[in-house]
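**Student:** Here you go, this is start13.cif (mmCIF, N, CA and C atoms).
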```cif
data_structure
loop_
_atom_site.label_atom_id
_atom_site.label_comp_id
_atom_site.auth_asym_id
_atom_site.auth_seq_id
_atom_site.Cartn_x
_atom_site.Cartn_y
_atom_site.Cartn_z
N MET A 1 0.85 -1.17 0.00
CA MET A 1 0.00 0.00 0.00
C MET A 1 0.89 1.23 0.00
N LYS A 2 0.47 2.22 -0.75
CA LYS A 2 1.16 3.50 -0.76
C LYS A 2 0.23 4.54 -0.16
N PHE A 3 0.80 5.38 0.69
CA PHE A 3 0.03 6.44 1.33
C PHE A 3 0.42 7.75 0.68
N ARG A 4 -0.54 8.36 0.00
CA ARG A 4 -0.23 9.59 -0.73
C ARG A 4 -1.44 10.49 -0.85
N ASN A 5 -1.11 11.74 -1.08
CA ASN A 5 -2.11 12.80 -1.19
C ASN A 5 -2.92 12.90 0.10
N GLY A 6 -3.86 13.74 0.12
CA GLY A 6 -4.64 13.92 1.33
C GLY A 6 -5.73 14.92 1.10
N GLY A 7 -6.55 15.06 2.10
CA GLY A 7 -7.65 15.99 1.99
C GLY A 7 -8.48 16.01 3.26
N PHE A 8 -9.64 16.59 3.14
CA PHE A 8 -10.53 16.76 4.28
C PHE A 8 -11.90 16.16 3.98
N PHE A 9 -12.49 15.54 4.96
CA PHE A 9 -13.90 15.12 4.89
C PHE A 9 -14.69 16.06 5.77
N PRO A 10 -15.83 16.57 5.43
CA PRO A 10 -16.45 16.41 4.12
C PRO A 10 -15.78 17.27 3.05
N ASP A 11 -15.19 18.41 3.42
CA ASP A 11 -14.44 19.23 2.47
C ASP A 11 -13.57 20.22 3.24
N GLU A 12 -12.77 20.98 2.50
CA GLU A 12 -11.82 21.91 3.12
C GLU A 12 -12.50 23.04 3.90
N ARG A 13 -13.68 23.45 3.48
CA ARG A 13 -14.39 24.55 4.16
C ARG A 13 -14.99 24.12 5.50
N ARG A 14 -15.36 22.83 5.60
CA ARG A 14 -15.97 22.31 6.83
C ARG A 14 -15.26 21.02 7.25
N PRO A 15 -13.98 21.10 7.52
CA PRO A 15 -13.24 19.87 7.78
C PRO A 15 -13.61 19.21 9.11
N ARG A 16 -13.84 17.93 9.06
CA ARG A 16 -14.06 17.13 10.26
C ARG A 16 -12.93 16.11 10.40
N VAL A 17 -12.37 15.70 9.22
CA VAL A 17 -11.31 14.68 9.20
C VAL A 17 -10.24 15.11 8.20
N PHE A 18 -9.00 14.94 8.57
CA PHE A 18 -7.87 15.10 7.65
C PHE A 18 -7.37 13.70 7.35
N TRP A 19 -7.26 13.34 6.06
CA TRP A 19 -6.93 11.98 5.67
C TRP A 19 -5.79 11.92 4.66
N ALA A 20 -5.15 10.76 4.59
CA ALA A 20 -4.18 10.43 3.54
C ALA A 20 -4.79 9.30 2.72
N GLY A 21 -4.65 9.38 1.42
CA GLY A 21 -5.19 8.34 0.55
C GLY A 21 -4.34 7.08 0.60
N ILE A 22 -4.98 5.95 0.35
CA ILE A 22 -4.28 4.67 0.29
C ILE A 22 -4.43 4.13 -1.13
N GLU A 23 -3.29 3.88 -1.76
CA GLU A 23 -3.28 3.30 -3.10
C GLU A 23 -2.87 1.84 -2.92
N ALA A 24 -3.73 0.93 -3.33
CA ALA A 24 -3.46 -0.49 -3.15
C ALA A 24 -4.04 -1.27 -4.31
N GLY A 25 -3.68 -2.53 -4.37
CA GLY A 25 -4.21 -3.41 -5.40
C GLY A 25 -5.67 -3.73 -5.15
N PRO A 26 -6.28 -4.49 -6.04
CA PRO A 26 -7.70 -4.82 -5.93
C PRO A 26 -8.02 -5.67 -4.70
N GLU A 27 -7.00 -6.26 -4.09
CA GLU A 27 -7.22 -7.10 -2.91
C GLU A 27 -7.83 -6.30 -1.75
N LEU A 28 -7.45 -5.04 -1.61
CA LEU A 28 -7.97 -4.23 -0.50
C LEU A 28 -9.48 -4.00 -0.66
N GLY A 29 -9.91 -3.69 -1.85
CA GLY A 29 -11.34 -3.53 -2.11
C GLY A 29 -12.09 -4.83 -1.92
N ALA A 30 -11.50 -5.93 -2.35
CA ALA A 30 -12.12 -7.25 -2.17
C ALA A 30 -12.24 -7.59 -0.68
N LEU A 31 -11.21 -7.25 0.10
CA LEU A 31 -11.25 -7.49 1.54
C LEU A 31 -12.37 -6.67 2.19
N ALA A 32 -12.48 -5.39 1.82
CA ALA A 32 -13.54 -4.54 2.37
C ALA A 32 -14.92 -5.10 2.04
N ALA A 33 -15.10 -5.56 0.81
CA ALA A 33 -16.38 -6.12 0.40
C ALA A 33 -16.68 -7.41 1.18
N ALA A 34 -15.67 -8.24 1.39
CA ALA A 34 -15.86 -9.50 2.13
C ALA A 34 -16.23 -9.23 3.58
N VAL A 35 -15.60 -8.23 4.19
CA VAL A 35 -15.93 -7.87 5.57
C VAL A 35 -17.38 -7.40 5.65
N GLU A 36 -17.78 -6.53 4.73
CA GLU A 36 -19.16 -6.04 4.74
C GLU A 36 -20.16 -7.18 4.55
N THR A 37 -19.87 -8.08 3.65
CA THR A 37 -20.76 -9.23 3.40
C THR A 37 -20.86 -10.11 4.64
N SER A 38 -19.75 -10.29 5.35
CA SER A 38 -19.74 -11.10 6.57
C SER A 38 -20.52 -10.45 7.70
N LEU A 39 -20.54 -9.13 7.74
CA LEU A 39 -21.22 -8.42 8.82
C LEU A 39 -22.72 -8.22 8.56
N GLU A 40 -23.12 -8.33 7.32
CA GLU A 40 -24.52 -8.09 6.98
C GLU A 40 -25.49 -9.01 7.74
N PRO A 41 -25.22 -10.31 7.90
CA PRO A 41 -26.15 -11.15 8.66
C PRO A 41 -26.26 -10.74 10.14
N LEU A 42 -25.30 -9.96 10.62
CA LEU A 42 -25.34 -9.49 12.01
C LEU A 42 -26.14 -8.19 12.16
N GLY A 43 -26.73 -7.75 11.06
CA GLY A 43 -27.54 -6.53 11.11
C GLY A 43 -26.77 -5.26 10.81
N ILE A 44 -25.54 -5.39 10.35
CA ILE A 44 -24.73 -4.22 10.00
C ILE A 44 -24.84 -4.02 8.49
N ALA A 45 -25.51 -2.97 8.09
CA ALA A 45 -25.78 -2.72 6.67
C ALA A 45 -24.50 -2.39 5.91
N LYS A 46 -24.49 -2.77 4.64
CA LYS A 46 -23.36 -2.43 3.78
C LYS A 46 -23.30 -0.93 3.56
N GLU A 47 -22.10 -0.41 3.42
CA GLU A 47 -21.88 1.01 3.15
C GLU A 47 -22.43 1.33 1.76
N GLN A 48 -23.16 2.42 1.65
CA GLN A 48 -23.74 2.81 0.37
C GLN A 48 -22.76 3.62 -0.49
N ARG A 49 -21.79 4.24 0.16
CA ARG A 49 -20.80 5.03 -0.59
C ARG A 49 -19.76 4.10 -1.20
N ALA A 50 -19.12 4.56 -2.26
CA ALA A 50 -18.04 3.80 -2.89
C ALA A 50 -16.88 3.64 -1.92
N PHE A 51 -16.20 2.51 -1.99
CA PHE A 51 -15.04 2.25 -1.12
C PHE A 51 -13.95 3.25 -1.46
N SER A 52 -13.48 3.97 -0.46
CA SER A 52 -12.44 4.99 -0.63
C SER A 52 -11.38 4.77 0.45
N PRO A 53 -10.39 3.92 0.17
CA PRO A 53 -9.41 3.62 1.22
C PRO A 53 -8.61 4.86 1.63
N HIS A 54 -8.54 5.08 2.94
CA HIS A 54 -7.82 6.24 3.45
C HIS A 54 -7.37 5.95 4.88
N LEU A 55 -6.43 6.74 5.32
CA LEU A 55 -5.92 6.68 6.68
C LEU A 55 -6.28 8.01 7.34
N THR A 56 -7.06 7.95 8.42
CA THR A 56 -7.43 9.17 9.13
C THR A 56 -6.22 9.65 9.93
N LEU A 57 -5.80 10.88 9.67
CA LEU A 57 -4.65 11.46 10.36
C LEU A 57 -5.06 12.36 11.51
N ALA A 58 -6.21 13.01 11.38
CA ALA A 58 -6.68 13.91 12.45
C ALA A 58 -8.18 14.10 12.32
N ARG A 59 -8.80 14.36 13.46
CA ARG A 59 -10.22 14.71 13.51
C ARG A 59 -10.33 16.10 14.12
N PHE A 60 -11.30 16.88 13.63
CA PHE A 60 -11.52 18.23 14.13
C PHE A 60 -12.90 18.32 14.75
N GLU A 61 -12.97 18.94 15.92
CA GLU A 61 -14.25 19.09 16.60
C GLU A 61 -15.19 20.00 15.82
N THR A 62 -14.70 21.18 15.44
CA THR A 62 -15.48 22.12 14.62
C THR A 62 -14.50 22.85 13.72
N ARG A 63 -15.01 23.60 12.78
CA ARG A 63 -14.16 24.37 11.84
C ARG A 63 -13.27 25.34 12.59
N ARG A 64 -13.81 25.99 13.59
CA ARG A 64 -13.04 27.01 14.30
C ARG A 64 -12.46 26.52 15.62
N GLY A 65 -12.73 25.28 15.98
CA GLY A 65 -12.16 24.74 17.21
C GLY A 65 -12.70 25.45 18.43
N THR A 66 -12.01 25.27 19.55
CA THR A 66 -12.50 25.86 20.79
C THR A 66 -11.66 27.03 21.25
N GLY A 67 -10.53 27.27 20.63
CA GLY A 67 -9.68 28.36 21.06
C GLY A 67 -9.22 29.20 19.89
N ALA A 68 -8.66 30.36 20.19
CA ALA A 68 -8.23 31.28 19.14
C ALA A 68 -7.14 30.66 18.27
N GLY A 69 -6.27 29.83 18.85
CA GLY A 69 -5.20 29.20 18.09
C GLY A 69 -5.67 28.10 17.17
N SER A 70 -6.85 27.52 17.45
CA SER A 70 -7.35 26.41 16.66
C SER A 70 -7.61 26.81 15.22
N ALA A 71 -8.27 27.94 15.01
CA ALA A 71 -8.57 28.40 13.66
C ALA A 71 -7.29 28.68 12.90
N PHE A 72 -6.32 29.30 13.57
CA PHE A 72 -5.04 29.60 12.93
C PHE A 72 -4.34 28.30 12.53
N ALA A 73 -4.31 27.32 13.42
CA ALA A 73 -3.63 26.05 13.14
C ALA A 73 -4.28 25.33 11.97
N LEU A 74 -5.60 25.29 11.93
CA LEU A 74 -6.30 24.63 10.84
C LEU A 74 -6.08 25.35 9.52
N ASP A 75 -6.12 26.68 9.54
CA ASP A 75 -5.85 27.44 8.32
C ASP A 75 -4.41 27.22 7.85
N ALA A 76 -3.46 27.16 8.79
CA ALA A 76 -2.07 26.92 8.43
C ALA A 76 -1.90 25.53 7.81
N LEU A 77 -2.58 24.52 8.37
CA LEU A 77 -2.53 23.17 7.82
C LEU A 77 -3.10 23.14 6.41
N THR A 78 -4.23 23.78 6.21
CA THR A 78 -4.87 23.82 4.89
C THR A 78 -3.95 24.47 3.86
N LYS A 79 -3.34 25.59 4.21
CA LYS A 79 -2.42 26.27 3.29
C LYS A 79 -1.18 25.43 3.01
N ALA A 80 -0.64 24.78 4.03
CA ALA A 80 0.56 23.95 3.85
C ALA A 80 0.27 22.78 2.91
N ILE A 81 -0.88 22.17 3.06
CA ILE A 81 -1.24 21.04 2.20
C ILE A 81 -1.42 21.49 0.76
N SER A 82 -2.15 22.59 0.57
CA SER A 82 -2.40 23.05 -0.80
C SER A 82 -1.13 23.53 -1.48
N GLY A 83 -0.16 24.00 -0.72
CA GLY A 83 1.08 24.49 -1.30
C GLY A 83 2.19 23.45 -1.41
N ALA A 84 1.96 22.28 -0.86
CA ALA A 84 3.03 21.27 -0.81
C ALA A 84 3.17 20.46 -2.08
N GLY A 85 2.19 20.51 -2.95
CA GLY A 85 2.23 19.65 -4.13
C GLY A 85 1.83 18.24 -3.74
N PRO A 86 2.15 17.26 -4.58
CA PRO A 86 1.76 15.88 -4.27
C PRO A 86 2.38 15.40 -2.95
N LEU A 87 1.57 14.88 -2.07
CA LEU A 87 2.04 14.41 -0.77
C LEU A 87 2.36 12.92 -0.86
N GLU A 88 3.51 12.54 -0.36
CA GLU A 88 3.94 11.14 -0.31
C GLU A 88 4.26 10.82 1.13
N PHE A 89 3.53 9.87 1.72
CA PHE A 89 3.72 9.51 3.13
C PHE A 89 4.48 8.20 3.30
N GLY A 90 4.79 7.51 2.22
CA GLY A 90 5.50 6.24 2.31
C GLY A 90 4.62 5.07 1.90
N SER A 91 5.11 3.87 2.18
CA SER A 91 4.38 2.67 1.80
C SER A 91 4.61 1.58 2.83
N GLY A 92 3.83 0.54 2.73
CA GLY A 92 3.96 -0.57 3.66
C GLY A 92 3.24 -1.80 3.16
N ILE A 93 3.53 -2.91 3.80
CA ILE A 93 2.90 -4.18 3.49
C ILE A 93 2.16 -4.63 4.74
N ALA A 94 0.90 -4.99 4.58
CA ALA A 94 0.09 -5.43 5.72
C ALA A 94 0.16 -6.95 5.87
N ASN A 95 0.35 -7.41 7.09
CA ASN A 95 0.36 -8.84 7.39
C ASN A 95 -0.92 -9.27 8.09
N GLU A 96 -1.68 -8.29 8.57
CA GLU A 96 -2.91 -8.58 9.30
C GLU A 96 -3.79 -7.34 9.27
N PHE A 97 -5.05 -7.54 9.65
CA PHE A 97 -5.92 -6.39 9.83
C PHE A 97 -6.75 -6.60 11.08
N HIS A 98 -7.21 -5.49 11.61
CA HIS A 98 -7.97 -5.50 12.85
C HIS A 98 -9.39 -4.99 12.57
N LEU A 99 -10.35 -5.62 13.18
CA LEU A 99 -11.73 -5.16 13.10
C LEU A 99 -12.01 -4.37 14.37
N TYR A 100 -12.38 -3.10 14.18
CA TYR A 100 -12.65 -2.20 15.30
C TYR A 100 -14.12 -1.82 15.34
N GLN A 101 -14.60 -1.58 16.53
CA GLN A 101 -15.90 -0.97 16.73
C GLN A 101 -15.64 0.50 17.03
N SER A 102 -16.36 1.37 16.36
CA SER A 102 -16.22 2.81 16.56
C SER A 102 -17.51 3.35 17.13
N VAL A 103 -17.44 3.99 18.29
CA VAL A 103 -18.61 4.59 18.91
C VAL A 103 -18.33 6.08 19.05
N LEU A 104 -19.15 6.89 18.36
CA LEU A 104 -18.97 8.34 18.44
C LEU A 104 -19.62 8.85 19.72
N LYS A 105 -18.82 9.56 20.51
CA LYS A 105 -19.29 10.13 21.77
C LYS A 105 -19.01 11.62 21.77
N SER A 106 -19.57 12.33 22.72
CA SER A 106 -19.40 13.78 22.77
C SER A 106 -17.93 14.17 22.92
N GLY A 107 -17.13 13.35 23.57
CA GLY A 107 -15.71 13.63 23.75
C GLY A 107 -14.84 13.12 22.61
N GLY A 108 -15.45 12.55 21.59
CA GLY A 108 -14.71 12.02 20.45
C GLY A 108 -15.03 10.54 20.24
N ALA A 109 -14.45 9.97 19.24
CA ALA A 109 -14.71 8.58 18.92
C ALA A 109 -13.98 7.66 19.91
N GLU A 110 -14.64 6.57 20.24
CA GLU A 110 -14.04 5.56 21.10
C GLU A 110 -13.93 4.27 20.28
N TYR A 111 -12.73 3.71 20.22
CA TYR A 111 -12.47 2.54 19.39
C TYR A 111 -12.16 1.33 20.27
N THR A 112 -12.74 0.19 19.91
CA THR A 112 -12.47 -1.06 20.60
C THR A 112 -12.09 -2.11 19.56
N ARG A 113 -10.92 -2.72 19.73
CA ARG A 113 -10.51 -3.78 18.81
C ARG A 113 -11.31 -5.03 19.13
N LEU A 114 -12.02 -5.54 18.12
CA LEU A 114 -12.86 -6.72 18.31
C LEU A 114 -12.16 -8.01 17.90
N ALA A 115 -11.35 -7.94 16.84
CA ALA A 115 -10.69 -9.15 16.35
C ALA A 115 -9.50 -8.78 15.48
N THR A 116 -8.56 -9.71 15.38
CA THR A 116 -7.39 -9.57 14.51
C THR A 116 -7.37 -10.74 13.54
N PHE A 117 -7.12 -10.45 12.28
CA PHE A 117 -7.08 -11.48 11.24
C PHE A 117 -5.74 -11.40 10.52
N ARG A 118 -4.99 -12.48 10.53
CA ARG A 118 -3.71 -12.53 9.82
C ARG A 118 -3.95 -12.95 8.39
N PHE A 119 -3.21 -12.35 7.47
CA PHE A 119 -3.30 -12.75 6.07
C PHE A 119 -2.51 -14.03 5.88
N THR A 120 -3.01 -14.88 5.01
CA THR A 120 -2.30 -16.12 4.69
C THR A 120 -1.89 -16.05 3.22
N GLY A 121 -1.03 -16.94 2.83
CA GLY A 121 -0.61 -16.97 1.44
C GLY A 121 0.89 -17.10 1.35
N ASP A 122 1.39 -16.85 0.19
CA ASP A 122 2.81 -16.99 -0.09
C ASP A 122 3.54 -15.78 0.49
N GLU A 123 4.22 -15.97 1.60
CA GLU A 123 4.94 -14.85 2.24
C GLU A 123 6.32 -14.61 1.64
N SER A 124 6.69 -15.41 0.64
CA SER A 124 8.02 -15.22 0.02
C SER A 124 8.00 -14.10 -1.00
N ARG A 125 6.81 -13.59 -1.33
CA ARG A 125 6.72 -12.51 -2.34
C ARG A 125 7.10 -11.20 -1.74
#
```
Mind turning the file's structure into structure tokens?

**Tutor:**
Amino acid sequence: MKFRNGGFFPDERRPRVFWAGIEAGPELGALAAAVETSLEPLGIAKEQRAFSPHLTLARFETRRGTGAGSAFALDALTKAISGAGPLEFGSGIANEFHLYQSVLKSGGAEYTRLATFRFTGDESR
């Protein structure tokens, strides 16, 4: 997987999440689809949006934050990203993945690791 470029969800004007894109082979999309299919019988609906692999780097409470420095820091980040050109964060090979439960609370998201799955196959590649 290669980690490159980045942006904001839902957009730069109302950022809630700062993310880095993940460029990977078709196996990552197939894995995401298999996980969703496996969870559907448990009452967890499939995602309606297209699969968009990304790594969340930061979450923002509000556009202007809670202090005077928050707006300045977010504006500085936005300007730095737009002026940096193509962003390259590196690459890596995954040997396993973790299934997390995410519960959004007033103080932020709370994550609980539910299970770990190791990839199998030819490790000599």

**Student:** For the atom pair atom C of Lys105 (chain A) and atom C of Glu40 (chain A), what is the interatomic distance in Å to one decimal place?

**Tutor:** 25.8 Å

**Student:** What is the distance, in Å and to one decimal place, between CA of Leu42 (chain A) and CA of Val17 (chain A)?

**Tutor:** 28.1 Å

**Student:** Pull out every residue that the PyMOL selection byres (((chain A and resi 7 and name CA) around 6) and name CA) matches in the shown coordinates and put them as number ranges by chain.

**Tutor:** A: 6, 8, 18-19

**Student:** Edge lengths and centre in Å to one decimal, as AutoDock Vina command-line options, is what I'm after for the box along x, y and z that holds all listed atoms of region 11-22 of chain A once 6 Å is added on each side.

**Tutor:**
```
--center_x -10.1 --center_y 14.3 --center_z 4.6 --size_x 23.8 --size_y 32.4 --size_z 23.5
```

**Student:** Separation of atom N of Ala58 (chain A) and atom N of Ala20 (chain A), in Å?

**Tutor:** 7.2 Å

**Student:** Using only C-alpha atoms, can you tell me which of A:Asn95, A:Asn5, A:Ser106, A:Ser38 comes closest to Leu55 (chain A)?

**Tutor:**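 Nearest candidate to Leu55 (chain A) out of A:Asn95, A:Asn5, A:Ser106, A:Ser38: A:Asn5.
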
**Student:** So, with only N, CA and C atoms as the atoms that count, which of A:Ala115, A:Leu39, A:Leu57, A:Leu77 lies closest to Phe97 (chain A)?

**Tutor:**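 Of A:Ala115, A:Leu39, A:Leu57, A:Leu77, the one nearest Phe97 (chain A), counting only N, CA and C atoms, is A:Ala115.
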
**Student:** Could you pull out the residues in region 1-124 of chain A that DSSP calls alpha helix (DSSP H) from the backbone, as a VMD selection string?

**Tutor:** chain A and resid 26 to 39 68 to 83

**Student:** Could you save those same residues with N, CA and C atoms as a PDB file, in the frame of the given file?

**Tutor:**
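Written output follows (again.pdb):
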```
ATOM      1  N   PRO A  26      -6.280  -4.490  -6.040  1.00  0.00           N
ATOM      2  CA  PRO A  26      -7.700  -4.820  -5.930  1.00  0.00           C
ATOM      3  C   PRO A  26      -8.020  -5.670  -4.700  1.00  0.00           C
ATOM      4  N   GLU A  27      -7.000  -6.260  -4.090  1.00  0.00           N
ATOM      5  CA  GLU A  27      -7.220  -7.100  -2.910  1.00  0.00           C
ATOM      6  C   GLU A  27      -7.830  -6.300  -1.750  1.00  0.00           C
ATOM      7  N   LEU A  28      -7.450  -5.040  -1.610  1.00  0.00           N
ATOM      8  CA  LEU A  28      -7.970  -4.230  -0.500  1.00  0.00           C
ATOM      9  C   LEU A  28      -9.480  -4.000  -0.660  1.00  0.00           C
ATOM     10  N   GLY A  29      -9.910  -3.690  -1.850  1.00  0.00           N
ATOM     11  CA  GLY A  29     -11.340  -3.530  -2.110  1.00  0.00           C
ATOM     12  C   GLY A  29     -12.090  -4.830  -1.920  1.00  0.00           C
ATOM     13  N   ALA A  30     -11.500  -5.930  -2.350  1.00  0.00           N
ATOM     14  CA  ALA A  30     -12.120  -7.250  -2.170  1.00  0.00           C
ATOM     15  C   ALA A  30     -12.240  -7.590  -0.680  1.00  0.00           C
ATOM     16  N   LEU A  31     -11.210  -7.250   0.100  1.00  0.00           N
ATOM     17  CA  LEU A  31     -11.250  -7.490   1.540  1.00  0.00           C
ATOM     18  C   LEU A  31     -12.370  -6.670   2.190  1.00  0.00           C
ATOM     19  N   ALA A  32     -12.480  -5.390   1.820  1.00  0.00           N
ATOM     20  CA  ALA A  32     -13.540  -4.540   2.370  1.00  0.00           C
ATOM     21  C   ALA A  32     -14.920  -5.100   2.040  1.00  0.00           C
ATOM     22  N   ALA A  33     -15.100  -5.560   0.810  1.00  0.00           N
ATOM     23  CA  ALA A  33     -16.380  -6.120   0.400  1.00  0.00           C
ATOM     24  C   ALA A  33     -16.680  -7.410   1.180  1.00  0.00           C
ATOM     25  N   ALA A  34     -15.670  -8.240   1.390  1.00  0.00           N
ATOM     26  CA  ALA A  34     -15.860  -9.500   2.130  1.00  0.00           C
ATOM     27  C   ALA A  34     -16.230  -9.230   3.580  1.00  0.00           C
ATOM     28  N   VAL A  35     -15.600  -8.230   4.190  1.00  0.00           N
ATOM     29  CA  VAL A  35     -15.930  -7.870   5.570  1.00  0.00           C
ATOM     30  C   VAL A  35     -17.380  -7.400   5.650  1.00  0.00           C
ATOM     31  N   GLU A  36     -17.780  -6.530   4.730  1.00  0.00           N
ATOM     32  CA  GLU A  36     -19.160  -6.040   4.740  1.00  0.00           C
ATOM     33  C   GLU A  36     -20.160  -7.180   4.550  1.00  0.00           C
ATOM     34  N   THR A  37     -19.870  -8.080   3.650  1.00  0.00           N
ATOM     35  CA  THR A  37     -20.760  -9.230   3.400  1.00  0.00           C
ATOM     36  C   THR A  37     -20.860 -10.110   4.640  1.00  0.00           C
ATOM     37  N   SER A  38     -19.750 -10.290   5.350  1.00  0.00           N
ATOM     38  CA  SER A  38     -19.740 -11.100   6.570  1.00  0.00           C
ATOM     39  C   SER A  38     -20.520 -10.450   7.700  1.00  0.00           C
ATOM     40  N   LEU A  39     -20.540  -9.130   7.740  1.00  0.00           N
ATOM     41  CA  LEU A  39     -21.220  -8.420   8.820  1.00  0.00           C
ATOM     42  C   LEU A  39     -22.720  -8.220   8.560  1.00  0.00           C
ATOM     43  N   ALA A  68      -8.660  30.360  20.190  1.00  0.00           N
ATOM     44  CA  ALA A  68      -8.230  31.280  19.140  1.00  0.00           C
ATOM     45  C   ALA A  68      -7.140  30.660  18.270  1.00  0.00           C
ATOM     46  N   GLY A  69      -6.270  29.830  18.850  1.00  0.00           N
ATOM     47  CA  GLY A  69      -5.200  29.200  18.090  1.00  0.00           C
ATOM     48  C   GLY A  69      -5.670  28.100  17.170  1.00  0.00           C
ATOM     49  N   SER A  70      -6.850  27.520  17.450  1.00  0.00           N
ATOM     50  CA  SER A  70      -7.350  26.410  16.660  1.00  0.00           C
ATOM     51  C   SER A  70      -7.610  26.810  15.220  1.00  0.00           C
ATOM     52  N   ALA A  71      -8.270  27.940  15.010  1.00  0.00           N
ATOM     53  CA  ALA A  71      -8.570  28.400  13.660  1.00  0.00           C
ATOM     54  C   ALA A  71      -7.290  28.680  12.900  1.00  0.00           C
ATOM     55  N   PHE A  72      -6.320  29.300  13.570  1.00  0.00           N
ATOM     56  CA  PHE A  72      -5.040  29.600  12.930  1.00  0.00           C
ATOM     57  C   PHE A  72      -4.340  28.300  12.530  1.00  0.00           C
ATOM     58  N   ALA A  73      -4.310  27.320  13.420  1.00  0.00           N
ATOM     59  CA  ALA A  73      -3.630  26.050  13.140  1.00  0.00           C
ATOM     60  C   ALA A  73      -4.280  25.330  11.970  1.00  0.00           C
ATOM     61  N   LEU A  74      -5.600  25.290  11.930  1.00  0.00           N
ATOM     62  CA  LEU A  74      -6.300  24.630  10.840  1.00  0.00           C
ATOM     63  C   LEU A  74      -6.080  25.350   9.520  1.00  0.00           C
ATOM     64  N   ASP A  75      -6.120  26.680   9.540  1.00  0.00           N
ATOM     65  CA  ASP A  75      -5.850  27.440   8.320  1.00  0.00           C
ATOM     66  C   ASP A  75      -4.410  27.220   7.850  1.00  0.00           C
ATOM     67  N   ALA A  76      -3.460  27.160   8.790  1.00  0.00           N
ATOM     68  CA  ALA A  76      -2.070  26.920   8.430  1.00  0.00           C
ATOM     69  C   ALA A  76      -1.900  25.530   7.810  1.00  0.00           C
ATOM     70  N   LEU A  77      -2.580  24.520   8.370  1.00  0.00           N
ATOM     71  CA  LEU A  77      -2.530  23.170   7.820  1.00  0.00           C
ATOM     72  C   LEU A  77      -3.100  23.140   6.410  1.00  0.00           C
ATOM     73  N   THR A  78      -4.230  23.780   6.210  1.00  0.00           N
ATOM     74  CA  THR A  78      -4.870  23.820   4.890  1.00  0.00           C
ATOM     75  C   THR A  78      -3.950  24.470   3.860  1.00  0.00           C
ATOM     76  N   LYS A  79      -3.340  25.590   4.210  1.00  0.00           N
ATOM     77  CA  LYS A  79      -2.420  26.270   3.290  1.00  0.00           C
ATOM     78  C   LYS A  79      -1.180  25.430   3.010  1.00  0.00           C
ATOM     79  N   ALA A  80      -0.640  24.780   4.030  1.00  0.00           N
ATOM     80  CA  ALA A  80       0.560  23.950   3.850  1.00  0.00           C
ATOM     81  C   ALA A  80       0.270  22.780   2.910  1.00  0.00           C
ATOM     82  N   ILE A  81      -0.880  22.170   3.060  1.00  0.00           N
ATOM     83  CA  ILE A  81      -1.240  21.040   2.200  1.00  0.00           C
ATOM     84  C   ILE A  81      -1.420  21.490   0.760  1.00  0.00           C
ATOM     85  N   SER A  82      -2.150  22.590   0.570  1.00  0.00           N
ATOM     86  CA  SER A  82      -2.400  23.050  -0.800  1.00  0.00           C
ATOM     87  C   SER A  82      -1.130  23.530  -1.480  1.00  0.00           C
ATOM     88  N   GLY A  83      -0.160  24.000  -0.720  1.00  0.00           N
ATOM     89  CA  GLY A  83       1.080  24.490  -1.300  1.00  0.00           C
ATOM     90  C   GLY A  83       2.190  23.450  -1.410  1.00  0.00           C
TER      91      GLY A  83
END
```

**Student:** I'd like to see the residues matched by the PyMOL selection byres ((chain A and resi 100) around 7) on this file, and ideally I'd get them as a PyMOL selection string.

**Tutor:** chain A and resi 98-99+101-102+111-115

**Student:** Given the PyMOL selection byres ((chain A and resi 118) around 7) and the file above, list the residues it selects as a list in words.

**Tutor:**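 What the PyMOL selection byres ((chain A and resi 118) around 7) grabs from the file is Asn95, Glu96, Phe97, Thr116, Phe117, Phe119 and Thr120 of chain A.
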
**Student:** As a ChimeraX atom specification, please: all residues of chain A that backbone DSSP puts in strand (DSSP E or B).

**Tutor:** /A:2-9,17-23,54-59,88-91,96-105,108-118

**Student:** Do you know which residues are at most 10 Å from Gly108 (chain A) counting only C-alpha atoms, after dropping those on the same chain fewer than 3 positions away, and could you put them as a list of chain:residue names?

**Tutor:**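 Here the qualifying residues turn out to be A:Arg59, A:Phe60, A:Glu61, A:Val103, A:Leu104, A:Lys105, A:Tyr111.
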